[in-house]
$ cat run17.cif   # mmCIF, N, CA and C atoms
data_my_file
#
loop_
_atom_site.label_atom_id
_atom_site.label_comp_id
_atom_site.auth_asym_id
_atom_site.auth_seq_id
_atom_site.Cartn_x
_atom_site.Cartn_y
_atom_site.Cartn_z
N MET X 1 99.14 112.24 95.26
CA MET X 1 97.83 112.36 94.67
C MET X 1 96.79 112.62 95.75
N SER X 2 97.04 113.54 96.63
CA SER X 2 96.10 113.79 97.71
C SER X 2 94.91 114.63 97.25
N CYS X 3 95.11 115.51 96.30
CA CYS X 3 94.02 116.37 95.83
C CYS X 3 93.98 116.34 94.31
N LYS X 4 92.80 116.23 93.75
CA LYS X 4 92.68 116.16 92.30
C LYS X 4 92.84 117.53 91.65
N GLY X 5 92.83 118.58 92.44
CA GLY X 5 93.00 119.92 91.91
C GLY X 5 91.72 120.45 91.30
N CYS X 6 91.76 121.66 90.86
CA CYS X 6 90.58 122.29 90.28
C CYS X 6 90.67 122.25 88.76
N HIS X 7 89.61 121.80 88.16
CA HIS X 7 89.52 121.72 86.71
C HIS X 7 88.25 122.44 86.29
N SER X 8 87.98 122.45 84.99
CA SER X 8 86.75 123.08 84.52
C SER X 8 85.53 122.35 85.05
N SER X 9 85.70 121.08 85.38
CA SER X 9 84.61 120.30 85.98
C SER X 9 85.15 119.56 87.19
N VAL X 10 84.35 119.50 88.23
CA VAL X 10 84.77 118.76 89.42
C VAL X 10 84.50 117.27 89.26
N TYR X 11 83.76 116.92 88.22
CA TYR X 11 83.48 115.51 87.96
C TYR X 11 84.57 114.92 87.09
N VAL X 12 85.09 113.78 87.50
CA VAL X 12 86.14 113.08 86.76
C VAL X 12 85.59 111.71 86.41
N SER X 13 85.82 111.27 85.17
CA SER X 13 85.28 109.98 84.75
C SER X 13 85.88 108.85 85.57
N ASN X 14 85.10 107.80 85.73
CA ASN X 14 85.56 106.64 86.48
C ASN X 14 86.81 106.05 85.83
N GLU X 15 86.87 106.07 84.51
CA GLU X 15 88.04 105.54 83.80
C GLU X 15 89.30 106.33 84.14
N LYS X 16 89.17 107.65 84.18
CA LYS X 16 90.31 108.51 84.51
C LYS X 16 90.75 108.29 85.97
N ILE X 17 89.79 108.16 86.85
CA ILE X 17 90.11 107.90 88.26
C ILE X 17 90.85 106.58 88.39
N GLU X 18 90.32 105.53 87.76
CA GLU X 18 90.95 104.20 87.83
C GLU X 18 92.37 104.24 87.26
N GLN X 19 92.58 104.98 86.18
CA GLN X 19 93.91 105.10 85.58
C GLN X 19 94.87 105.79 86.55
N GLN X 20 94.44 106.88 87.14
CA GLN X 20 95.29 107.61 88.07
C GLN X 20 95.61 106.78 89.31
N ILE X 21 94.62 106.06 89.81
CA ILE X 21 94.84 105.21 90.98
C ILE X 21 95.83 104.10 90.66
N ALA X 22 95.65 103.46 89.51
CA ALA X 22 96.57 102.38 89.12
C ALA X 22 98.00 102.89 89.04
N GLU X 23 98.19 104.07 88.46
CA GLU X 23 99.53 104.66 88.35
C GLU X 23 100.12 104.94 89.73
N GLN X 24 99.33 105.51 90.62
CA GLN X 24 99.82 105.84 91.95
C GLN X 24 100.09 104.60 92.79
N LEU X 25 99.24 103.59 92.66
CA LEU X 25 99.42 102.39 93.48
C LEU X 25 100.69 101.63 93.12
N MET X 26 101.21 101.85 91.91
CA MET X 26 102.49 101.22 91.55
C MET X 26 103.61 101.75 92.43
N LEU X 27 103.42 102.91 93.01
CA LEU X 27 104.43 103.54 93.86
C LEU X 27 104.22 103.26 95.35
N GLU X 28 103.11 102.63 95.68
CA GLU X 28 102.75 102.40 97.08
C GLU X 28 103.07 100.97 97.50
N THR X 29 103.50 100.80 98.73
CA THR X 29 103.76 99.46 99.26
C THR X 29 102.89 99.15 100.46
N ASP X 30 102.37 100.16 101.10
CA ASP X 30 101.61 99.98 102.33
C ASP X 30 100.11 100.14 102.05
N ILE X 31 99.51 99.08 101.46
CA ILE X 31 98.10 99.14 101.13
C ILE X 31 97.33 98.10 101.95
N VAL X 32 96.04 98.35 102.11
CA VAL X 32 95.20 97.47 102.92
C VAL X 32 94.73 96.27 102.12
N ASP X 33 94.26 95.24 102.83
CA ASP X 33 93.72 94.07 102.15
C ASP X 33 92.34 94.41 101.57
N ASP X 34 91.83 93.52 100.73
CA ASP X 34 90.58 93.78 100.02
C ASP X 34 89.38 93.99 100.95
N SER X 35 89.30 93.21 102.02
CA SER X 35 88.15 93.35 102.92
C SER X 35 88.17 94.69 103.66
N THR X 36 89.34 95.15 104.05
CA THR X 36 89.45 96.46 104.69
C THR X 36 89.10 97.56 103.70
N TYR X 37 89.59 97.42 102.47
CA TYR X 37 89.28 98.41 101.43
C TYR X 37 87.77 98.49 101.22
N GLU X 38 87.12 97.35 101.08
CA GLU X 38 85.67 97.33 100.85
C GLU X 38 84.90 97.97 102.00
N ALA X 39 85.33 97.70 103.22
CA ALA X 39 84.68 98.31 104.39
C ALA X 39 84.86 99.82 104.38
N ARG X 40 86.07 100.27 104.09
CA ARG X 40 86.35 101.70 104.06
C ARG X 40 85.55 102.39 102.96
N ILE X 41 85.56 101.82 101.77
CA ILE X 41 84.92 102.47 100.63
C ILE X 41 83.41 102.52 100.81
N THR X 42 82.84 101.51 101.44
CA THR X 42 81.40 101.51 101.73
C THR X 42 81.05 102.65 102.67
N ILE X 43 81.89 102.85 103.68
CA ILE X 43 81.68 103.97 104.61
C ILE X 43 81.77 105.30 103.86
N CYS X 44 82.75 105.43 102.99
CA CYS X 44 82.91 106.67 102.22
C CYS X 44 81.68 106.94 101.35
N TYR X 45 81.22 105.91 100.65
CA TYR X 45 80.07 106.08 99.75
C TYR X 45 78.80 106.49 100.50
N ASN X 46 78.72 106.17 101.77
CA ASN X 46 77.55 106.51 102.57
C ASN X 46 77.75 107.74 103.44
N CYS X 47 78.89 108.38 103.31
CA CYS X 47 79.22 109.55 104.12
C CYS X 47 78.58 110.81 103.52
N PRO X 48 78.08 111.71 104.36
CA PRO X 48 77.52 112.97 103.85
C PRO X 48 78.58 113.87 103.20
N SER X 49 79.84 113.57 103.42
CA SER X 49 80.92 114.38 102.86
C SER X 49 81.48 113.79 101.56
N PHE X 50 80.85 112.75 101.04
CA PHE X 50 81.24 112.16 99.76
C PHE X 50 80.57 112.98 98.66
N VAL X 51 81.38 113.63 97.82
CA VAL X 51 80.85 114.53 96.80
C VAL X 51 81.36 114.17 95.41
N TYR X 52 80.62 114.59 94.41
CA TYR X 52 80.98 114.44 92.99
C TYR X 52 81.18 112.98 92.58
N ASP X 53 80.57 112.06 93.30
CA ASP X 53 80.67 110.62 92.99
C ASP X 53 82.09 110.09 93.05
N SER X 54 83.00 110.80 93.73
CA SER X 54 84.39 110.35 93.75
C SER X 54 85.25 110.90 94.88
N THR X 55 84.82 111.96 95.50
CA THR X 55 85.73 112.81 96.27
C THR X 55 85.31 113.00 97.73
N CYS X 56 86.31 113.04 98.60
CA CYS X 56 86.08 113.40 99.99
C CYS X 56 86.08 114.92 100.11
N GLN X 57 85.04 115.46 100.66
CA GLN X 57 84.91 116.90 100.82
C GLN X 57 85.97 117.49 101.75
N HIS X 58 86.49 116.69 102.66
CA HIS X 58 87.41 117.21 103.67
C HIS X 58 88.86 117.26 103.22
N CYS X 59 89.28 116.31 102.40
CA CYS X 59 90.69 116.32 101.97
C CYS X 59 90.83 116.54 100.47
N GLY X 60 89.74 116.45 99.71
CA GLY X 60 89.79 116.67 98.27
C GLY X 60 90.32 115.48 97.48
N CYS X 61 90.52 114.36 98.14
CA CYS X 61 91.11 113.20 97.46
C CYS X 61 90.04 112.29 96.88
N PHE X 62 90.46 111.45 95.95
CA PHE X 62 89.60 110.39 95.46
C PHE X 62 89.51 109.34 96.56
N VAL X 63 88.31 109.02 97.00
CA VAL X 63 88.18 108.07 98.10
C VAL X 63 88.66 106.68 97.71
N LYS X 64 88.55 106.33 96.44
CA LYS X 64 89.02 105.01 96.00
C LYS X 64 90.53 104.86 96.21
N PHE X 65 91.25 105.95 96.18
CA PHE X 65 92.70 105.90 96.40
C PHE X 65 93.01 105.94 97.90
N ARG X 66 92.45 106.90 98.59
CA ARG X 66 92.75 107.04 100.02
C ARG X 66 92.39 105.78 100.80
N ALA X 67 91.28 105.14 100.44
CA ALA X 67 90.84 103.94 101.14
C ALA X 67 91.80 102.77 100.97
N LYS X 68 92.64 102.81 99.96
CA LYS X 68 93.62 101.74 99.72
C LYS X 68 94.85 101.88 100.61
N LEU X 69 95.13 103.06 101.10
CA LEU X 69 96.38 103.34 101.79
C LEU X 69 96.29 103.04 103.29
N ALA X 70 97.10 102.11 103.74
CA ALA X 70 97.07 101.68 105.14
C ALA X 70 97.44 102.82 106.10
N TYR X 71 98.28 103.72 105.67
CA TYR X 71 98.75 104.79 106.55
C TYR X 71 97.84 106.02 106.55
N LYS X 72 96.75 105.96 105.82
CA LYS X 72 95.79 107.07 105.80
C LYS X 72 94.59 106.72 106.66
N ASP X 73 93.89 107.74 107.11
CA ASP X 73 92.68 107.55 107.88
C ASP X 73 91.60 108.45 107.29
N CYS X 74 90.40 108.25 107.71
CA CYS X 74 89.29 109.09 107.29
C CYS X 74 89.48 110.49 107.90
N PRO X 75 89.40 111.55 107.08
CA PRO X 75 89.64 112.90 107.60
C PRO X 75 88.39 113.60 108.15
N PHE X 76 87.34 112.86 108.42
CA PHE X 76 86.11 113.47 108.91
C PHE X 76 86.43 114.30 110.16
N PRO X 77 85.98 115.55 110.22
CA PRO X 77 86.36 116.45 111.32
C PRO X 77 86.02 115.95 112.73
N ASN X 78 84.96 115.20 112.87
CA ASN X 78 84.58 114.70 114.20
C ASN X 78 85.24 113.38 114.55
N GLY X 79 86.21 112.97 113.77
CA GLY X 79 86.90 111.71 114.00
C GLY X 79 86.66 110.74 112.85
N SER X 80 87.57 109.85 112.70
CA SER X 80 87.52 108.89 111.59
C SER X 80 86.23 108.08 111.59
N ARG X 81 85.56 108.08 110.47
CA ARG X 81 84.38 107.23 110.32
C ARG X 81 84.80 105.78 110.05
N TRP X 82 86.02 105.59 109.59
CA TRP X 82 86.51 104.22 109.33
C TRP X 82 86.65 103.45 110.63
N SER X 83 87.01 104.12 111.71
CA SER X 83 87.20 103.41 112.98
C SER X 83 85.88 102.88 113.54
N GLU X 84 84.76 103.45 113.10
CA GLU X 84 83.45 102.98 113.53
C GLU X 84 83.17 101.56 113.06
N ALA X 85 83.83 101.15 112.00
CA ALA X 85 83.53 99.87 111.36
C ALA X 85 84.36 98.72 111.92
N GLN X 86 85.18 98.99 112.94
CA GLN X 86 86.03 97.93 113.50
C GLN X 86 86.89 97.29 112.42
N LEU X 87 87.58 98.10 111.66
CA LEU X 87 88.40 97.59 110.56
C LEU X 87 89.55 96.84 111.12
#
$ encode --input "run17.cif" --output "structure tokens"
Amino acid sequence: MSCKGCHSSVYVSNEKIEQQIAEQLMLETDIVDDSTYEARITICYNCPSFVYDSTCQHCGCFVKFRAKLAYKDCPFPNGSRWSEAQL
């Protein structure tokens, strides 16, 4: 679930996002703790590359999903913005 793909609208309802994330997380074992997730998601929400109220402009993923995955990092071109937060 790295990219939501192109649809008639780039906006996806929060309910649909939550449903897709819940389904994908059932398959994941390497997820971060709640405090790390909250720190990551806060950074994403304040990033200039956060678009459509859900999506990272650089990887096309739902930030709520990517921020949960321990093996993923922020794809910001100038370096991970997550590392700035001392996660």
$ residues_around --input "run17.cif" --residues "Lys64 (chain X)" --least-positions-apart "2" --cutoff "8 Å" --atoms "only C-alpha atoms" --output "number ranges by chain"
X: 21, 41, 54, 62, 66-68
$ select_by_dssp --input "run17.cif" --residues "chain X" --states "strand (DSSP E)" --output "JSON, numbers by chain"
{"X": [50, 51, 55, 56]}
$ atom_distance --input "run17.cif" --atom1 "CA of Cys44 (chain X)" --atom2 "CA of Glu23 (chain X)"
21.7 Å
$ axis_aligned_box --input "run17.cif" --around "region 29-38 of chain X" --padding-each-side "5 Å" --output "JSON"
{"center_x": 94.3, "center_y": 97.0, "center_z": 101.7, "size_x": 28.9, "size_y": 17.6, "size_z": 16.0}
$ resolve_selection --input "run17.cif" --expression "the PyMOL selection byres ((chain X and resi 32-40) around 7)" --output "list in words"
Asp30, Ile31, Ile41, Thr42, Ile43, Cys44, Tyr45, Ala67, Lys68, Leu69, Ala70, Tyr71, Trp82 and Leu87 of chain X
$ residues_around --input "run17.cif" --residues "Asp53 (chain X)" --least-positions-apart "2" --cutoff "8 Å" --atoms "all atoms listed in the file" --output "ChimeraX atom specification"
/X:10-12,50-51,55-56,62-63
$ select_by_dssp --input "run17.cif" --residues "chain X" --states "helix (DSSP H, G or I)" --output "JSON, numbers by chain"
{"X": [14, 15, 16, 17, 18, 19, 20, 21, 22, 23, 24, 25, 34, 35, 36, 37, 38, 39, 40, 41, 42, 43, 44, 45, 63, 64, 65, 66, 82, 83, 84, 85]}
$ atom_distance --input "run17.cif" --atom1 "atom C of Ile17 (chain X)" --atom2 "atom N of Gln57 (chain X)"
16.2 Å
$ atom_distance --input "run17.cif" --atom1 "CA of Tyr52 (chain X)" --atom2 "CA of Met26 (chain X)"
25.3 Å
$ resolve_selection --input "run17.cif" --expression "the PyMOL selection byres (((chain X and resi 76 and name CA) around 9) and name CA)" --output "list in words"
Ser49, Cys56, Gln57, His58, Cys59, Asp73, Cys74, Pro75, Pro77, Asn78, Gly79, Ser80 and Arg81 of chain X
